[in-house]
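J.: Have a look at this one before I ask anything.
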Amino acid sequence: MEQNMVQQCTQFLLEALKNNRPSEGHLQTRLLEMNLLAAPQVADAILGNQMFSHYDRAHIAQLCEKSGLLQRALEHYTDLYDIKRAIVHTHLLNAEWVIQYFGALSVEDSMECLKAMLAHSIRTNLQIVVQVATKYHEQLGTENLIEMFESFKSFEGLYYFLGSIVNFSQDPEVHFKYIQAACKTNQVKEVERICRESNCYEPERVKNFLKEQKLTDQLPLIIVCDRFDFVHDLVLYLYRNNFAKYIEIYVQKVNPSRLPAVVGGLLDVDCSDDIIKSLIMTVRGSFSTDELVAELEKRNRLKLLLPWLEMRVHEGSTEPATHNALAKIYIDGNNNAERFLKENPFYDSRVVGRYCEKRDPHLACVAYERGLCDAELIKVCNENSLFKFEARYLVRRKEPALWAEVLDVENQYRRQMIDQVVQTALSETQDPDEISVTVKAFMTADLPNELIELLEKIVLDNSVFSEHRNLQNLLILTAIKADRTRVMEYINRLDNYDAPDIANIAIGNELYEEAFAIFKKFEVNTSAIQVLIDNIKNLDRAYEFAERCNEPGVWSSLAKAQLDNGMVKEAIDSYIKAEDPKDYKDVVRVASDLDKWEDIVRYLQMARKKARDGFVESELVFALAKTNRLADLEEFISGPNHASVQMVGDRCFEQGMYEAAKILYNNISNYGKLAITLVRLGQYQGAVEGARKANSTKTWKEVCFACVDHQEFRLAQVSGLHIVVHADELEELINYYQDRGYFDELITLLEAALGMDRAHMGMFTELAILYSKYKPSKMKEHLELFWSRVNIPKVLRAAEQAHLWHELVFLYDKYEEYDNAVVTMIQHPTEAWRESHFKDIITKVANIELYYRAIQFYLDYKPLLLNDLLLVLIPRMDHTRSVTYFRKVNHLQLVKPYLRAVQKLNNKTVNEALNELFIEDEDYTGLKTSIDAFDNFDNIGLAQRLEKHELIEFRRIAAYLYKGNNRWKQSVELCKKDRLFKDAMEYASESRSTDLAEELIAWFLEQKNHECFAACLYQCYDLLRPDVILELSWRHKIMDFAMPFMIQVIREYLGKVDKLQETEVQRSQEAESMEQQNRSLGIYPEAPLMLTAGPSGMNMGMQQQYAGSPSGGMPPGGPPGMGGAYQTPFGPPGAYYNSM
């Protein structure tokens, strides 16, 4: 620094301070300080790169400010006083940065800074203050910003600020302040726009403000008043402040539809009529004539519109409001108003009529009539007693609903109106529709007396409607309903009415004599007699009337009535006079109920002549049978006829007329019914013949059962053979026989049926069941012959119920229910058990548990045959469980043959049980054979048990077992104890244990048993060490016994040395041959590649890495980590030979 080397110092410090450590804070401050004083641009760059963070920020900030780096100074200042001092110089700062900088300040600091900027230079800083306020108005608060601008009287700034947010704000205060600022800055067009488009400002407040401002252009005020219906206030303001031209502009250009309100306002300020007329005449836009008329009518100035209205009519206007106004003016001026109301088609009748009600009710009625205003017209007529007008209108109107309203009982003016209708309106009309509607209205209103009065005036007073059929009908009907005393008079005086319909209505109203008079007057005799029969209920008068008329229809009606009253003979006489067979069913039914069969025959013979009907002829046949005229019956059915002979025969049969039924069934060859009929007559042989011809199961059953009941068993059997072939009928037949106790006959029947071609399973099954119940001795033979043709489950139940256990087992076997068969044999051995059968079945059972029940059964009843059973059960039996069971009951010796048979399975439990039996029997040969053949048993446990046995052969087997379990020492010790030298030597040799063999050799020497010593040398040759043997032989002076062993050892070692020598020579030769071959090919051995650098050179260059080696190559002693010595593939040199 003393040499002014700022650049070099800066470079050095930048490199030295690049780690930005807290301890270097004073150097960072010094670096920035000298650059701010000497090269502010460099300091700016350093601060911009944000390389340091531990310098003195306050000091650097002051230096930045002095150097003109206001942006860096503001970034470092934290004191509001310093910030305000620097921020006001916005012309030296980037505007975008300043805006972003305010985003990092608090609300209070931001407001203070903005105020400082405006206070320092409102002209210079206004634009950026507006930008900051616009961006952060939500955080800073719109109200605070508005107050700030207003405190500096900066309406321009307020205008620009609010203009940027007003389109997105719904705050009424914002919109109002914007209008206010626009007015202050003379932005009239913007005021006009916001007044027209905004929906958020308060209309009353804005209206008052605009009135106070008195702008040169009143369009904003007009827009506000027009939008929010302040038209009256607008007119008053404009007229009183001499802005009349704006009134014309408003109604002509802005909103012509407001003309009525404007005219009303002008009238309220006593404006001249000429001005108002001129204004109305000049407006060509659309507005409501009704509203204009209402405004003038409220103020009693309607005549002002007359010129304009007449002009509109002259131009061809059909608008109702225009013509309504004209009508009102003509009515008020009494200027030919009635003619106008009748001829003008365009006015609104309700409006004009309502206007006339208090002025002239007659004109109101004229207007209402023209417009069909029913309710209004009725109301005016009632209030002003215009009933004649009302009656004429009702008749002409022909509206049922309107009639119903005026004829309602609640109408207090009904009587006056009815009088006018009867006296005036109907007498004037010539329209039948008007008459019809009026009459219907009276009928609907339920005014019968008034209706009679009305109809008598129309029908009986020689009017044009006197011969009108409907009116005559109506008059009679009304009299029937209201005044019955006049009905007979009207019936006799009138001729053009609907007689049948009126008569029926009279009957419905219990006017029977009047109805009879109508039918008699118009010669409707059948209906007349029907009235006498059904309503007056006088059959004597009816009979006299029928004789006088002598018509078939009259006689038929009379006959029907007589029949209904039980006068069968008289009814049949009347039917015969009428020659009417149509009611033959009713006649037959009633007569048969009263048992009048002779009369039925007489009637049906007449009916048969008129109609060849099957029912008539069938009933005639039955009637002949009932009267016991069998000869006539047989003659009738022999000829052509349509009778239902079958049906009649069934009826005769049901009623016990078997002779007649026999004739009828024989006639139609119904042998089934004929057979049954013959049964009822006791002719059984004939019944059987008939059943054979009928060949019907039902018939055979009837005949069979009848024969059984009368003990005709031969014929019953003949019939039964035709029944049993049907499986569905067999049970019923059997039950019939059994219920009556004929068991032998039933069995005979079924035995005879077995040989038939159609014999089925049910027959064999039922016969087997019968045998089980009544002849058990035959059941076994039957089942052996026919077991495949019986229903085995059903016979099983029968055999079980009869306790036929042998037969039950037989059936279980055939049905393959072997489990049940075995259980039955076990439960009932005396009757059911057979040895061969049992063994055959027991192997087929599904439940293995039955094996063990069978074993227990044999133990209880047949113990000597138990092994035969067990041999059969071997393939599926759990031998472990069975042996455990026999051991538990102490019967192992009993099943020894079974154990020998299953030992081939090598089951541990079986092996151990059999070994126990061998030990008990002292059969060491069998035990040794078992142990050698089957090894699945507890070897050690058996060996320990045999070790203490009193017989040497069993102790020998114990040693054998120890040997087999690699317990060589115990085995050899046991052999030595029992002096089994050969076994001891064999076991020592097999153990492959040098110690055990040498121990045995030493024991032989201790026992002075030199021969065994020599034998053991031979037996354990490969286990014994020559030096040990030589020492023992020398010490015990038995070299002669050891010499064969030593000779063999020397010979073996010499052979090994010779072989080794040959191998070495061969290897040397192969190495020399390989070396010569490589040399001939130019291949020389090279030193192995080694690593050239250790971990100490990781931070050094390549030269430094190799600088530590004297020759620049491999360090002495070989590469690090390899020990510095050469290693062969077999280890260090000489290690291979040392291992030889």
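Chain labels run A, B, ... following the order of the structure tokens; each chain numbers its residues from 1, and ligands are numbered from 1 in the order shown.
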Could you pull out the alpha helix (DSSP H) residues of segment 169-210 of chain A from DSSP and send them as a PyMOL selection string?

T.: chain A and resi 172-184+188-197+203-210

J.: Give me the residues within 12 Å of segment 857-874 of chain A as a ChimeraX atom specification, counting only C-alpha atoms and dropping any in the same chain fewer than 3 places off.

T.: /A:822-830,833-845,848-854,877-880,882-883,885-886,889-905

J.: Would you kindly return, as a PDB file with N, CA and C atoms, in the first residue's frame, each protein, DNA or RNA residue with an atom no farther than 9 Å from any atom of Asn667 of chain A, considering only C-alpha atoms and excluding same-chain residues fewer than 6 positions away?

T.:
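Written file, selection35.pdb:
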ATOM      1  N   GLU A 634    -132.268 -96.000 -23.447  1.00  0.00           N
ATOM      2  CA  GLU A 634    -131.477 -96.811 -24.366  1.00  0.00           C
ATOM      3  C   GLU A 634    -131.851 -96.525 -25.807  1.00  0.00           C
ATOM      4  N   ILE A 637    -130.193 -92.981 -26.810  1.00  0.00           N
ATOM      5  CA  ILE A 637    -128.746 -92.945 -27.066  1.00  0.00           C
ATOM      6  C   ILE A 637    -128.357 -93.836 -28.218  1.00  0.00           C
ATOM      7  N   SER A 638    -129.291 -94.765 -28.606  1.00  0.00           N
ATOM      8  CA  SER A 638    -128.987 -95.621 -29.752  1.00  0.00           C
ATOM      9  C   SER A 638    -129.112 -94.839 -31.056  1.00  0.00           C
ATOM     10  N   VAL A 645    -122.519 -88.415 -23.414  1.00  0.00           N
ATOM     11  CA  VAL A 645    -122.874 -89.660 -22.736  1.00  0.00           C
ATOM     12  C   VAL A 645    -121.894 -89.935 -21.593  1.00  0.00           C
TER      13      VAL A 645
END

J.: Record the distance separating atom CA of Val235 of chain A and atom CA of Val262 of chain A, expressed in Å with one decimal.

T.: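 Straight-line distance from atom CA of Val235 of chain A to atom CA of Val262 of chain A works out to 6.3 Å.
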
J.: For Gly755 of chain A, which residue among A:Val725, A:Leu1054, A:Leu770, A:Val708 is the nearest when counting only C-alpha atoms?

T.: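 Selected residue with least distance to Gly755 of chain A: A:Val725.
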
J.: Could you tell me how far atom CA of Asn509 of chain A lies from atom CA of Met443 of chain A, in Å and to one decimal?

T.: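 It comes out at 17.5 Å.
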
J.: Measure the distance from atom CA of Val703 of chain A to atom CA of Ala759 of chain A in Å and round it to one decimal.

T.: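 So the answer is 21.1 Å.
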
J.: With only C-alpha atoms as the counted atoms, please give the residues lying no more than 12 Å from segment 8-12 of chain A, apart from itself and same-chain residues fewer than 6 positions off, as a short mmCIF file (atom, residue, chain, number, x, y, z; two decimals) with C-alpha atoms, in the first residue's frame.

T.:
data_model
loop_
_atom_site.label_atom_id
_atom_site.label_comp_id
_atom_site.auth_asym_id
_atom_site.auth_seq_id
_atom_site.Cartn_x
_atom_site.Cartn_y
_atom_site.Cartn_z
CA MET A 1 0.00 0.00 0.00
CA GLU A 2 2.90 2.33 0.72
CA LYS A 18 -11.02 -17.04 -0.75
CA LEU A 27 -8.61 -8.25 6.22
CA GLN A 28 -11.88 -8.45 4.24
CA ARG A 30 -9.34 -3.61 4.65
CA LEU A 31 -9.54 -5.06 1.15
CA LEU A 32 -12.93 -3.47 0.48
CA GLU A 33 -11.88 -0.17 2.10
CA MET A 34 -8.79 0.36 -0.06
CA ASN A 35 -10.65 -0.50 -3.23
CA LEU A 36 -13.57 1.79 -2.32
CA ALA A 38 -8.89 3.77 -4.90
CA ALA A 39 -11.06 1.71 -7.32
CA VAL A 42 -13.47 -3.21 -8.22
CA ALA A 43 -15.09 -2.95 -4.80
CA ILE A 46 -16.26 -7.83 -5.17
#
